[in-house]
Structure formats: structure tokens, C-alpha cells
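Novice: What follows is entry_6.cif, mmCIF, C-alpha atoms.
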data_query
#
loop_
_atom_site.group_PDB
_atom_site.id
_atom_site.type_symbol
_atom_site.label_atom_id
_atom_site.label_comp_id
_atom_site.auth_asym_id
_atom_site.auth_seq_id
_atom_site.Cartn_x
_atom_site.Cartn_y
_atom_site.Cartn_z
ATOM 1 C CA MET A 124 85.715 74.771 105.957
ATOM 2 C CA ILE A 125 88.312 77.068 104.485
ATOM 3 C CA LYS A 126 91.387 76.652 106.620
ATOM 4 C CA GLU A 127 93.926 74.320 105.093
ATOM 5 C CA SER A 128 96.345 72.375 107.216
ATOM 6 C CA TYR A 129 98.184 69.075 107.277
ATOM 7 C CA ASN A 130 98.780 67.236 110.474
ATOM 8 C CA THR A 131 102.186 67.987 111.930
ATOM 9 C CA ALA A 132 103.772 64.656 111.012
ATOM 10 C CA GLU A 133 102.624 64.888 107.401
ATOM 11 C CA GLU A 134 103.906 68.466 107.213
ATOM 12 C CA ALA A 135 107.286 67.460 108.629
ATOM 13 C CA VAL A 136 107.675 64.715 106.005
ATOM 14 C CA LEU A 137 106.755 67.086 103.159
ATOM 15 C CA VAL A 138 109.067 69.833 104.419
ATOM 16 C CA LYS A 139 111.985 67.430 104.784
ATOM 17 C CA ALA A 140 111.401 65.969 101.327
ATOM 18 C CA ALA A 141 111.177 69.460 99.793
ATOM 19 C CA LEU A 142 114.435 70.429 101.486
ATOM 20 C CA ASP A 143 116.026 67.304 100.029
ATOM 21 C CA GLY A 144 115.079 68.576 96.583
ATOM 22 C CA ASN A 145 111.887 66.588 96.039
ATOM 23 C CA LYS A 146 109.888 68.615 93.499
ATOM 24 C CA GLU A 147 106.680 66.691 94.076
ATOM 25 C CA ALA A 148 106.753 67.337 97.810
ATOM 26 C CA PHE A 149 107.208 71.060 97.356
ATOM 27 C CA GLY A 150 104.584 71.031 94.605
ATOM 28 C CA ASP A 151 102.158 69.396 97.034
ATOM 29 C CA ILE A 152 102.769 72.168 99.563
ATOM 30 C CA VAL A 153 102.102 74.775 96.848
ATOM 31 C CA THR A 154 98.917 73.041 95.712
ATOM 32 C CA LYS A 155 97.642 72.714 99.257
ATOM 33 C CA TYR A 156 98.245 76.309 100.279
ATOM 34 C CA GLN A 157 97.948 78.288 97.048
ATOM 35 C CA LYS A 158 94.287 79.164 97.589
ATOM 36 C CA MET A 159 95.026 80.336 101.111
ATOM 37 C CA VAL A 160 97.824 82.569 99.821
ATOM 38 C CA ALA A 161 95.639 83.798 96.938
ATOM 39 C CA ARG A 162 92.926 84.896 99.366
ATOM 40 C CA THR A 163 95.421 86.962 101.333
ATOM 41 C CA VAL A 164 97.336 88.418 98.399
ATOM 42 C CA LYS A 165 94.368 89.048 96.103
ATOM 43 C CA GLY A 166 92.166 90.204 98.970
ATOM 44 C CA MET A 167 94.789 92.810 99.801
ATOM 45 C CA LEU A 168 96.040 93.771 96.329
ATOM 46 C CA GLY A 169 93.051 93.084 94.122
ATOM 47 C CA ASP A 170 92.583 90.355 91.560
ATOM 48 C CA SER A 171 95.373 91.371 89.203
ATOM 49 C CA ILE A 172 98.420 89.852 87.507
ATOM 50 C CA PHE A 173 100.635 91.677 90.001
ATOM 51 C CA ALA A 174 99.046 89.634 92.760
ATOM 52 C CA ASP A 175 100.115 86.429 90.971
ATOM 53 C CA ASP A 176 103.720 87.663 91.031
ATOM 54 C CA ILE A 177 103.535 88.294 94.762
ATOM 55 C CA GLY A 178 101.974 84.852 95.209
ATOM 56 C CA GLN A 179 104.953 83.300 93.425
ATOM 57 C CA GLU A 180 107.308 85.294 95.594
ATOM 58 C CA VAL A 181 105.583 83.952 98.705
ATOM 59 C CA PHE A 182 106.297 80.349 97.760
ATOM 60 C CA ILE A 183 109.810 81.067 96.551
ATOM 61 C CA LYS A 184 110.551 82.798 99.848
ATOM 62 C CA LEU A 185 108.970 79.848 101.650
ATOM 63 C CA PHE A 186 111.249 77.421 99.872
ATOM 64 C CA TYR A 187 114.384 79.327 100.825
ATOM 65 C CA SER A 188 113.291 79.694 104.423
ATOM 66 C CA LEU A 189 112.043 76.122 104.874
ATOM 67 C CA SER A 190 115.282 75.181 106.611
ATOM 68 C CA GLU A 191 114.396 77.711 109.338
ATOM 69 C CA PHE A 192 110.937 76.210 109.835
ATOM 70 C CA ARG A 193 111.127 74.273 113.087
ATOM 71 C CA GLY A 194 107.564 73.048 113.192
ATOM 72 C CA GLU A 195 106.729 75.017 116.343
ATOM 73 C CA ALA A 196 103.899 76.758 114.491
ATOM 74 C CA LYS A 197 101.671 75.257 111.813
ATOM 75 C CA LEU A 198 103.075 75.417 108.303
ATOM 76 C CA SER A 199 99.914 77.281 107.255
ATOM 77 C CA THR A 200 100.608 79.998 109.853
ATOM 78 C CA TYR A 201 104.223 80.230 108.696
ATOM 79 C CA ILE A 202 103.159 80.630 105.041
ATOM 80 C CA GLN A 203 100.431 83.071 105.970
ATOM 81 C CA LYS A 204 102.958 85.287 107.775
ATOM 82 C CA ILE A 205 105.196 85.364 104.702
ATOM 83 C CA ALA A 206 102.176 86.237 102.531
ATOM 84 C CA VAL A 207 101.085 89.031 104.868
ATOM 85 C CA ASN A 208 104.585 90.546 105.074
ATOM 86 C CA LEU A 209 105.193 90.474 101.326
ATOM 87 C CA THR A 210 101.739 91.878 100.604
ATOM 88 C CA LEU A 211 102.100 94.737 103.074
ATOM 89 C CA ASN A 212 105.566 95.498 101.665
ATOM 90 C CA GLU A 213 104.088 95.609 98.171
ATOM 91 C CA ILE A 214 101.368 98.005 99.317
ATOM 92 C CA LYS A 215 104.024 100.307 100.830
ATOM 93 C CA ARG A 216 106.102 100.094 97.668
ATOM 94 C CA ARG A 217 103.097 100.928 95.493
ATOM 95 C CA LYS A 218 102.088 103.803 97.759
ATOM 96 C CA ARG A 219 105.530 105.355 97.398
ATOM 97 C CA PHE A 220 105.586 104.703 93.665
ATOM 98 C CA PHE A 221 102.136 106.097 92.921
ATOM 99 C CA SER A 222 102.597 109.130 95.157
ATOM 100 C CA MET A 223 105.452 110.113 92.835
ATOM 101 C CA PHE A 224 103.404 109.983 89.658
ATOM 102 C CA SER A 225 99.856 110.755 90.534
ATOM 103 C CA GLN A 226 97.520 111.997 93.193
ATOM 104 C CA LYS A 227 95.151 109.176 92.297
ATOM 105 C CA GLY A 228 95.191 105.980 94.282
ATOM 106 C CA ASN A 229 96.592 102.810 92.807
ATOM 107 C CA ASN A 230 93.251 101.079 93.042
ATOM 108 C CA GLU A 231 92.516 102.054 89.466
ATOM 109 C CA MET A 232 94.978 99.423 88.306
ATOM 110 C CA TYR A 233 92.972 96.591 89.689
ATOM 111 C CA GLU A 234 90.868 94.530 87.424
ATOM 112 C CA PHE A 235 88.205 92.165 88.516
ATOM 113 C CA GLU A 236 88.365 88.659 87.185
ATOM 114 C CA VAL A 237 85.582 86.312 87.998
ATOM 115 C CA ALA A 238 85.684 82.569 87.509
ATOM 116 C CA ASP A 239 82.175 82.366 86.112
ATOM 117 C CA GLN A 240 81.740 85.302 83.774
ATOM 118 C CA ASP A 241 78.193 84.342 82.824
ATOM 119 C CA ASN A 242 76.930 84.621 86.316
ATOM 120 C CA GLU A 243 76.132 88.302 86.686
ATOM 121 C CA GLU A 244 75.078 88.039 90.307
ATOM 122 C CA ARG A 245 78.283 86.262 91.362
ATOM 123 C CA ARG A 246 80.416 88.777 89.513
ATOM 124 C CA ASP A 247 78.605 91.633 91.209
ATOM 125 C CA SER A 248 79.062 90.009 94.620
ATOM 126 C CA LYS A 249 82.771 89.499 94.103
ATOM 127 C CA GLU A 250 83.185 93.001 92.754
ATOM 128 C CA LEU A 251 81.364 94.406 95.756
ATOM 129 C CA VAL A 252 83.666 92.560 98.169
ATOM 130 C CA SER A 253 86.798 93.519 96.218
ATOM 131 C CA LYS A 254 85.798 97.169 96.042
ATOM 132 C CA ALA A 255 85.016 97.271 99.756
ATOM 133 C CA LEU A 256 88.360 95.665 100.577
ATOM 134 C CA LEU A 257 90.383 97.970 98.339
ATOM 135 C CA ALA A 258 88.675 101.051 99.725
ATOM 136 C CA MET A 259 89.822 100.226 103.251
ATOM 137 C CA GLU A 260 93.060 101.343 104.859
ATOM 138 C CA PRO A 261 95.649 98.542 104.576
ATOM 139 C CA LYS A 262 95.825 97.988 108.344
ATOM 140 C CA PHE A 263 92.066 97.411 108.433
ATOM 141 C CA ARG A 264 92.000 95.600 105.081
ATOM 142 C CA ILE A 265 94.343 92.931 106.379
ATOM 143 C CA ILE A 266 92.106 92.369 109.389
ATOM 144 C CA LEU A 267 89.019 92.004 107.178
ATOM 145 C CA THR A 268 90.907 89.664 104.846
ATOM 146 C CA MET A 269 92.015 87.425 107.694
ATOM 147 C CA ARG A 270 88.536 87.317 109.209
ATOM 148 C CA MET A 271 86.212 87.305 106.218
ATOM 149 C CA LEU A 272 88.203 85.494 103.533
ATOM 150 C CA GLN A 273 90.403 83.238 105.679
ATOM 151 C CA GLY A 274 87.945 82.611 108.496
ATOM 152 C CA TYR A 275 90.492 83.159 111.269
ATOM 153 C CA SER A 276 89.485 83.839 114.838
ATOM 154 C CA THR A 277 90.592 86.998 116.614
ATOM 155 C CA LYS A 278 93.370 85.075 118.358
ATOM 156 C CA GLU A 279 94.610 83.491 115.128
ATOM 157 C CA THR A 280 94.516 86.897 113.412
ATOM 158 C CA ALA A 281 96.636 88.386 116.207
ATOM 159 C CA GLU A 282 99.142 85.526 115.941
ATOM 160 C CA ILE A 283 99.529 85.816 112.180
ATOM 161 C CA LEU A 284 99.809 89.607 112.199
ATOM 162 C CA ASP A 285 102.164 89.554 115.204
ATOM 163 C CA LEU A 286 99.909 91.979 117.043
ATOM 164 C CA PRO A 287 98.673 91.969 120.647
ATOM 165 C CA LEU A 288 95.101 90.705 121.008
ATOM 166 C CA GLY A 289 94.000 94.108 122.352
ATOM 167 C CA THR A 290 95.275 95.860 119.229
ATOM 168 C CA VAL A 291 93.396 93.445 116.984
ATOM 169 C CA LEU A 292 90.198 93.958 118.981
ATOM 170 C CA SER A 293 90.455 97.733 118.712
ATOM 171 C CA ARG A 294 91.251 97.516 114.993
ATOM 172 C CA LEU A 295 88.249 95.235 114.501
ATOM 173 C CA SER A 296 85.855 97.877 115.772
ATOM 174 C CA ARG A 297 87.568 100.700 113.861
ATOM 175 C CA ALA A 298 87.644 98.567 110.723
ATOM 176 C CA GLN A 299 83.951 97.826 111.140
ATOM 177 C CA GLU A 300 83.185 101.541 111.371
ATOM 178 C CA GLN A 301 85.207 102.254 108.238
ATOM 179 C CA LEU A 302 83.617 99.338 106.389
ATOM 180 C CA ARG A 303 80.111 100.595 107.254
ATOM 181 C CA ASN A 304 80.923 103.994 105.753
ATOM 182 C CA ILE A 305 82.377 102.389 102.629
ATOM 183 C CA LEU A 306 79.473 99.998 102.107
ATOM 184 C CA GLU A 307 76.957 102.838 102.373
ATOM 185 C CA LYS A 308 78.498 104.318 99.231
ATOM 186 C CA LEU A 309 78.701 101.048 97.275
ATOM 187 C CA MET B 79 72.879 86.232 97.567
ATOM 188 C CA LYS B 80 71.643 89.827 97.592
ATOM 189 C CA PRO B 81 74.192 92.645 97.963
ATOM 190 C CA SER B 82 72.516 93.706 101.215
ATOM 191 C CA GLU B 83 73.081 90.215 102.671
ATOM 192 C CA ILE B 84 76.730 90.263 101.619
ATOM 193 C CA LYS B 85 77.186 93.680 103.198
ATOM 194 C CA LYS B 86 75.685 92.408 106.453
ATOM 195 C CA MET B 87 77.997 89.418 106.358
ATOM 196 C CA LEU B 88 81.061 91.579 105.767
ATOM 197 C CA ILE B 89 80.221 93.822 108.691
ATOM 198 C CA SER B 90 79.450 90.925 111.013
ATOM 199 C CA SER B 91 82.785 89.258 110.156
ATOM 200 C CA LEU B 92 84.407 92.096 112.081
ATOM 201 C CA ASN B 93 82.519 91.316 115.291
ATOM 202 C CA ALA B 94 85.056 89.803 117.673
ATOM 203 C CA GLY B 95 82.786 86.912 118.670
ATOM 204 C CA THR B 96 81.504 85.946 115.226
ATOM 205 C CA ASP B 97 82.237 82.489 113.813
ATOM 206 C CA THR B 98 84.178 83.640 110.771
ATOM 207 C CA THR B 99 84.713 80.105 109.466
ATOM 208 C CA GLU B 100 81.033 79.962 108.579
ATOM 209 C CA ILE B 101 81.147 83.376 106.880
ATOM 210 C CA SER B 102 84.202 82.552 104.775
ATOM 211 C CA GLY B 103 82.618 79.225 103.829
ATOM 212 C CA ARG B 104 79.382 80.904 102.699
ATOM 213 C CA LEU B 105 81.268 83.517 100.705
ATOM 214 C CA GLU B 106 83.233 80.764 98.974
ATOM 215 C CA GLU B 107 79.995 78.999 98.098
ATOM 216 C CA GLU B 108 78.847 82.267 96.519
ATOM 217 C CA GLY B 109 81.932 82.319 94.324
ATOM 218 C CA ILE B 110 83.598 85.067 96.338
ATOM 219 C CA THR B 111 86.998 83.471 96.486
ATOM 220 C CA PHE B 112 90.388 83.915 94.920
ATOM 221 C CA ASP B 113 92.914 81.643 93.298
ATOM 222 C CA PHE B 114 95.954 82.007 91.103
ATOM 223 C CA LYS B 115 95.977 81.324 87.397
ATOM 224 C CA ASN B 116 96.337 77.788 86.002
ATOM 225 C CA GLY B 117 99.853 76.445 86.045
ATOM 226 C CA PHE B 118 100.789 78.356 89.178
ATOM 227 C CA ARG B 119 102.254 75.296 90.890
ATOM 228 C CA ASP B 120 104.327 74.269 87.868
ATOM 229 C CA LYS B 121 105.739 77.766 87.429
ATOM 230 C CA ILE B 122 106.911 77.899 91.028
ATOM 231 C CA VAL B 123 108.380 74.416 91.067
ATOM 232 C CA GLU B 124 110.233 75.173 87.841
ATOM 233 C CA LYS B 125 111.562 78.475 89.176
ATOM 234 C CA VAL B 126 112.630 77.056 92.503
ATOM 235 C CA PHE B 127 114.323 73.939 91.203
ATOM 236 C CA SER B 128 115.830 75.204 87.984
ATOM 237 C CA ALA B 129 117.227 78.591 88.820
ATOM 238 C CA GLY B 130 119.219 77.714 91.897
ATOM 239 C CA LEU B 131 119.612 79.586 95.140
ATOM 240 C CA THR B 132 120.098 83.021 93.650
ATOM 241 C CA ILE B 133 116.615 83.524 92.265
ATOM 242 C CA ASN B 134 115.017 84.967 95.387
ATOM 243 C CA ARG B 135 117.803 87.438 95.987
ATOM 244 C CA GLU B 136 117.836 88.336 92.301
ATOM 245 C CA MET B 137 114.107 89.032 92.358
ATOM 246 C CA GLU B 138 114.413 91.292 95.384
ATOM 247 C CA PHE B 139 117.449 93.009 93.906
ATOM 248 C CA MET B 140 115.746 93.648 90.561
ATOM 249 C CA ARG B 141 112.639 95.041 92.226
ATOM 250 C CA SER B 142 114.764 97.375 94.340
ATOM 251 C CA VAL B 143 116.837 98.455 91.330
ATOM 252 C CA ASN B 144 113.681 99.175 89.324
ATOM 253 C CA PHE B 145 112.216 101.150 92.159
ATOM 254 C CA ALA B 146 115.429 103.110 92.798
ATOM 255 C CA PHE B 147 115.841 103.789 89.059
ATOM 256 C CA ASN B 148 112.330 105.193 88.789
ATOM 257 C CA ARG B 149 112.875 107.485 91.734
ATOM 258 C CA ILE B 150 116.279 108.702 90.652
ATOM 259 C CA ALA B 151 115.315 109.132 86.989
ATOM 260 C CA LEU B 152 112.195 111.145 87.747
ATOM 261 C CA THR B 153 113.953 113.365 90.278
ATOM 262 C CA GLY B 154 116.847 113.879 87.856
ATOM 263 C CA VAL B 155 114.573 114.870 84.976
ATOM 264 C CA ALA B 156 112.677 117.298 87.226
ATOM 265 C CA ALA B 157 115.966 118.875 88.381
ATOM 266 C CA ILE B 158 117.218 119.274 84.804
ATOM 267 C CA VAL B 159 113.961 120.897 83.685
ATOM 268 C CA LEU B 160 114.078 123.331 86.626
ATOM 269 C CA LEU B 161 117.699 124.144 85.846
ATOM 270 C CA LEU B 162 116.909 124.839 82.186
ATOM 271 C CA ILE B 163 113.963 127.068 83.109
ATOM 272 C CA SER B 164 115.998 129.023 85.644
ATOM 273 C CA ILE B 165 118.888 129.489 83.160
ATOM 274 C CA PHE B 166 116.467 130.678 80.507
ATOM 275 C CA PHE B 167 114.873 133.255 82.814
ATOM 276 C CA MET B 168 118.178 134.469 84.221
ATOM 277 C CA GLU B 169 120.207 134.554 81.011
ATOM 278 C CA GLY B 170 117.489 135.012 78.402
ATOM 279 C CA SER B 171 118.721 132.127 76.265
ATOM 280 C CA LEU B 172 119.845 128.532 76.443
ATOM 281 C CA SER B 173 123.193 128.970 74.679
ATOM 282 C CA PHE B 174 126.371 127.177 75.768
ATOM 283 C CA ASN B 175 127.695 130.396 77.333
ATOM 284 C CA SER B 176 124.479 130.720 79.349
ATOM 285 C CA PHE B 177 125.086 127.268 80.796
ATOM 286 C CA LEU B 178 128.599 128.311 81.818
ATOM 287 C CA GLY B 179 127.333 131.628 83.184
ATOM 288 C CA LEU B 180 129.498 133.586 80.713
ATOM 289 C CA SER B 181 126.824 135.337 78.674
ATOM 290 C CA ASP B 182 127.459 138.822 80.189
ATOM 291 C CA ASN B 183 131.263 138.645 80.219
ATOM 292 C CA TYR B 184 133.692 139.898 77.632
ATOM 293 C CA ASP B 185 137.104 138.310 77.098
ATOM 294 C CA GLU B 186 138.806 141.373 78.565
ATOM 295 C CA SER B 187 136.850 141.178 81.815
ATOM 296 C CA ILE B 188 137.706 137.501 82.182
ATOM 297 C CA VAL B 189 141.402 138.300 81.695
ATOM 298 C CA SER B 190 141.157 140.988 84.327
ATOM 299 C CA LEU B 191 139.358 138.628 86.656
ATOM 300 C CA LEU B 192 142.060 135.990 86.264
ATOM 301 C CA THR B 193 145.046 138.315 86.444
ATOM 302 C CA GLY B 194 143.638 140.779 88.953
ATOM 303 C CA ASN B 195 144.632 143.793 86.771
#
Now, as a test, write the supplied structure out as C-alpha cells.
Specialist:
Amino acid sequence: MIKESYNTAEEAVLVKAALDGNKEAFGDIVTKYQKMVARTVKGMLGDSIFADDIGQEVFIKLFYSLSEFRGEAKLSTYIQKIAVNLTLNEIKRRKRFFSMFSQKGNNEMYEFEVADQDNEERRDSKELVSKALLAMEPKFRIILTMRMLQGYSTKETAEILDLPLGTVLSRLSRAQEQLRNILEKL
Amino acid sequence: MKPSEIKKMLISSLNAGTDTTEISGRLEEEGITFDFKNGFRDKIVEKVFSAGLTINREMEFMRSVNFAFNRIALTGVAAIVLLLISIFFMEGSLSFNSFLGLSDNYDESIVSLLTGN
């Protein structure tokens, strides 16, 4: 089971304590959700040091917007939305930046880091997934990230991306078509 | 897991009715997962609680300034290079007079231009 979430009461206590300046409480929120954020950010941007910076920005932004969190949605959904927005903004920023300097895509900057370097097969598998993700258009990449890495349902994906369910369904089939073409070449 | 199996799994994760929780779980078991570097939590807690309320705005501001500087600097350099090339072709040199557009004028003609005589 990949999805992380506290029960609402536990979340409310942690959020309140963090707002009161309790370092441990905020640290607990970071620890609990950092893998979830890493999957989104690194799935979208590649496994690079830049992704770590965006990950930090996600939690810093979370801290300063915690007072606006009313507990109507799950904290995980709230964090996920921040991660998605910051990641998509970064992709736009990079696109503009790289279009100024080079005709090449920015994917060349990505490096693949694998936890277990000795395991050739695992490294190849992770590299395959990362390459497939980075070759996709960002609007399809985010859908694949939410589904494949986060394990979200279609409805949850639509909620996090703030998209109508119909749009997500149509993007799913277009993303699948694009992914098939990409995987044929990998 | 063989690459062909992973490919199948990736494609099936985009079927609307697929149970993606199982797919993401299997991929994680295969080591296909992401995390931040060690000390990530400590870095964030330190940044948030030591730097005060301005840090987030400062970060956004610095990123925007960097981005704007890159754009402006590159465009400016390109404009200067174009200007130099065009001056060189039009005036035949890059002297100070060429910059001022005075290379073909004699003092007398400037006096006549200014006085109208």
C-alpha cells in the first residue's frame, strides 16, 4: 500500500502543533509525506538534485499555507496539489529557459540514481520507467505519475489535478497511446 | 522483473478501471520508487523554523530574479552583437565616430547642418 495518510484527528493535532511552532510535529508531517512528494516531483522532473530543491519548496510552501488548511480535504491531497503545481511550474520555467539556449530538450540534465547500485536489473527497471516518464508530454506524464507511482484512482487523480473526470479519462487513453509509442523505442 | 513485464504494467496503469494501488506497490517492491536524499527532513525543519516568514517569498523572488536576469542578459548581448555587426557593415569600421554615425561627415558640413547656411 503506497498511499500515506493520517486519520483526520491525528492530522488536525499535527497541523495545529506545527502552526504553534512545534518543530517535531512539522518534522513528522515531512517524514510521513516526503516519499509521496518525491514520487511526484522525481517522477515528473527526473531523479536529480533539482528535484530535491522543488521537494523542499513543497514543504516550505506547505508550512506557510498550513493556516489556510481547513481539513476539508485530506492533508495528503493538499500536499499533493502543492507538489503538482510547483512541479508543473518548474517544467514550464525549464521549457522557457532551455528554449532560449538550445534546441535540445532538458531531459539531458537528468541523472539516474538508484538506491541499490549493485543490482543491475533494478537499475535497468528504474531507468526504463524514468526514461518513459521523461519522454512523455507533461500533461500525460503527470497522469502516469499519479496512477503508476502514486496508485491513485481516476477520481482521485481528477481531484488532485483539479480536472473534470471526463478530461482525465480522455487523457488516460491519449497518454496510453503515447506511452505505447515511447516504450516501443525503449 | 523483466522489462517486458514492466512495460505491460506501465501501460495497464493507464486503463481507467485498473487497480493502480497494486501496480504502484509491485513497482515499489521492484525498487522503482523515489525518495529525497538523507537529511531532507532536518533541512526543511531548519529552514522553516530558523529563517522566519520571509524565506518562501525570498526563494520565489530569487528564482524570478535569476530567470529574468538570464532572459534580459542574453537578449541584451544578442542586441549588442547585432548592433556592432550592422555598424561594421554600414560604416566599414568600429571607430567611435562610426558609433555616433559621424564617419562620413566633415566639420564644415556639421556646422552647415547646425546653422542652416
Novice: Using all atoms listed in the file, determine which residues lie at most 12 Å from Leu92 of chain B, disregarding the query and same-chain residues fewer than 4 positions distant; provide the list as an mmCIF file with C-alpha atoms, in the frame of the given file.
Specialist:
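Below is the file that was written, result10.cif:
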data_model
loop_
_atom_site.group_PDB
_atom_site.id
_atom_site.type_symbol
_atom_site.label_atom_id
_atom_site.label_comp_id
_atom_site.auth_asym_id
_atom_site.auth_seq_id
_atom_site.Cartn_x
_atom_site.Cartn_y
_atom_site.Cartn_z
ATOM 1 C CA PHE A 263 92.066 97.411 108.433
ATOM 2 C CA ARG A 264 92.000 95.600 105.081
ATOM 3 C CA ILE A 265 94.343 92.931 106.379
ATOM 4 C CA ILE A 266 92.106 92.369 109.389
ATOM 5 C CA LEU A 267 89.019 92.004 107.178
ATOM 6 C CA THR A 268 90.907 89.664 104.846
ATOM 7 C CA MET A 269 92.015 87.425 107.694
ATOM 8 C CA ARG A 270 88.536 87.317 109.209
ATOM 9 C CA MET A 271 86.212 87.305 106.218
ATOM 10 C CA LEU A 272 88.203 85.494 103.533
ATOM 11 C CA GLY A 274 87.945 82.611 108.496
ATOM 12 C CA TYR A 275 90.492 83.159 111.269
ATOM 13 C CA SER A 276 89.485 83.839 114.838
ATOM 14 C CA THR A 277 90.592 86.998 116.614
ATOM 15 C CA THR A 280 94.516 86.897 113.412
ATOM 16 C CA VAL A 291 93.396 93.445 116.984
ATOM 17 C CA LEU A 292 90.198 93.958 118.981
ATOM 18 C CA SER A 293 90.455 97.733 118.712
ATOM 19 C CA ARG A 294 91.251 97.516 114.993
ATOM 20 C CA LEU A 295 88.249 95.235 114.501
ATOM 21 C CA SER A 296 85.855 97.877 115.772
ATOM 22 C CA ARG A 297 87.568 100.700 113.861
ATOM 23 C CA ALA A 298 87.644 98.567 110.723
ATOM 24 C CA GLN A 299 83.951 97.826 111.140
ATOM 25 C CA GLU A 300 83.185 101.541 111.371
ATOM 26 C CA GLN A 301 85.207 102.254 108.238
ATOM 27 C CA LEU A 302 83.617 99.338 106.389
ATOM 28 C CA ARG A 303 80.111 100.595 107.254
ATOM 29 C CA LYS B 85 77.186 93.680 103.198
ATOM 30 C CA LYS B 86 75.685 92.408 106.453
ATOM 31 C CA MET B 87 77.997 89.418 106.358
ATOM 32 C CA LEU B 88 81.061 91.579 105.767
ATOM 33 C CA THR B 96 81.504 85.946 115.226
ATOM 34 C CA ASP B 97 82.237 82.489 113.813
ATOM 35 C CA THR B 98 84.178 83.640 110.771
ATOM 36 C CA ILE B 101 81.147 83.376 106.880
#
Novice: Taking only C-alpha atoms into account, find every residue of chain B that has an atom no more than 9 Å from chain A, and write it out as a ChimeraX atom specification.
Specialist: /B:79-81,84-85,87-103,105-106,108-115,118-127,131,133-134,137,145,148-149,152
Novice: Mind giving me the straight-line distance from atom CA of Leu286 of chain A to atom CA of Glu134 of chain A in Å, one decimal?
Specialist: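 About the pair atom CA of Leu286 of chain A and atom CA of Glu134 of chain A: they are 25.8 Å apart.
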Novice: Kindly extract all protein, DNA and RNA residues lying within 6 Å of the coordinates (97.9, 94.0, 99.5) given in the file, considering all atoms listed in the file, and supply them as a PDB file with C-alpha atoms, in the frame of the given file.
Specialist:
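Below you can see selection.pdb, which holds the result:
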ATOM      1  CA  VAL A 164      97.336  88.418  98.399  1.00  0.00           C
ATOM      2  CA  MET A 167      94.789  92.810  99.801  1.00  0.00           C
ATOM      3  CA  LEU A 168      96.040  93.771  96.329  1.00  0.00           C
ATOM      4  CA  THR A 210     101.739  91.878 100.604  1.00  0.00           C
ATOM      5  CA  LEU A 211     102.100  94.737 103.074  1.00  0.00           C
ATOM      6  CA  ILE A 214     101.368  98.005  99.317  1.00  0.00           C
TER       7      ILE A 214
END
Novice: Could you tell me which of A:Leu189, A:Phe173, A:Leu284, A:Lys308 comes closest to Ala206 of chain A if we count only C-alpha atoms?
Specialist: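 Going through A:Leu189, A:Phe173, A:Leu284, A:Lys308 one by one, the smallest distance to Ala206 of chain A is for A:Leu284.
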Novice: Just the number, please: distance in Å from atom CA of Tyr156 of chain A to atom CA of Lys262 of chain A, one decimal.
Specialist: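 One can read the atom CA of Tyr156 of chain A to atom CA of Lys262 of chain A distance as 23.3 Å.
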Novice: Mind pulling up the distance from atom CA of Asn144 of chain B to atom CA of Ala258 of chain A?
Specialist: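 Atom CA of Asn144 of chain B lies 27.1 Å from atom CA of Ala258 of chain A.
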Novice: When you count only C-alpha atoms, which of these residues is closest to Met259 of chain A: A:Asn304, A:Thr290, A:Thr131, A:Ser222?
Specialist: A:Asn304
Novice: List the residues selected by the PyMOL selection byres ((chain A and resi 198) around 10) in the file shown, writing them as a short mmCIF file (atom, residue, chain, number, x, y, z; two decimals) with C-alpha atoms, in the coordinates of the input.
Specialist:
data_model
loop_
_atom_site.label_atom_id
_atom_site.label_comp_id
_atom_site.auth_asym_id
_atom_site.auth_seq_id
_atom_site.Cartn_x
_atom_site.Cartn_y
_atom_site.Cartn_z
CA GLU A 127 93.93 74.32 105.09
CA SER A 128 96.34 72.38 107.22
CA TYR A 129 98.18 69.08 107.28
CA ASN A 130 98.78 67.24 110.47
CA THR A 131 102.19 67.99 111.93
CA GLU A 134 103.91 68.47 107.21
CA ALA A 135 107.29 67.46 108.63
CA VAL A 138 109.07 69.83 104.42
CA ILE A 152 102.77 72.17 99.56
CA TYR A 156 98.24 76.31 100.28
CA LEU A 185 108.97 79.85 101.65
CA LEU A 189 112.04 76.12 104.87
CA PHE A 192 110.94 76.21 109.84
CA ARG A 193 111.13 74.27 113.09
CA GLY A 194 107.56 73.05 113.19
CA GLU A 195 106.73 75.02 116.34
CA ALA A 196 103.90 76.76 114.49
CA LYS A 197 101.67 75.26 111.81
CA SER A 199 99.91 77.28 107.26
CA THR A 200 100.61 80.00 109.85
CA TYR A 201 104.22 80.23 108.70
CA ILE A 202 103.16 80.63 105.04
CA GLN A 203 100.43 83.07 105.97
CA LYS A 204 102.96 85.29 107.78
#
Novice: Box time for segment 285-292 of chain A: axis-aligned, enclosing all its listed atoms, 6 Å extra on each side; report centre and edge lengths in Å to one decimal, as AutoDock Vina command-line options.
Specialist:
--center_x 96.2 --center_y 92.7 --center_z 118.8 --size_x 24.0 --size_y 18.3 --size_z 19.1
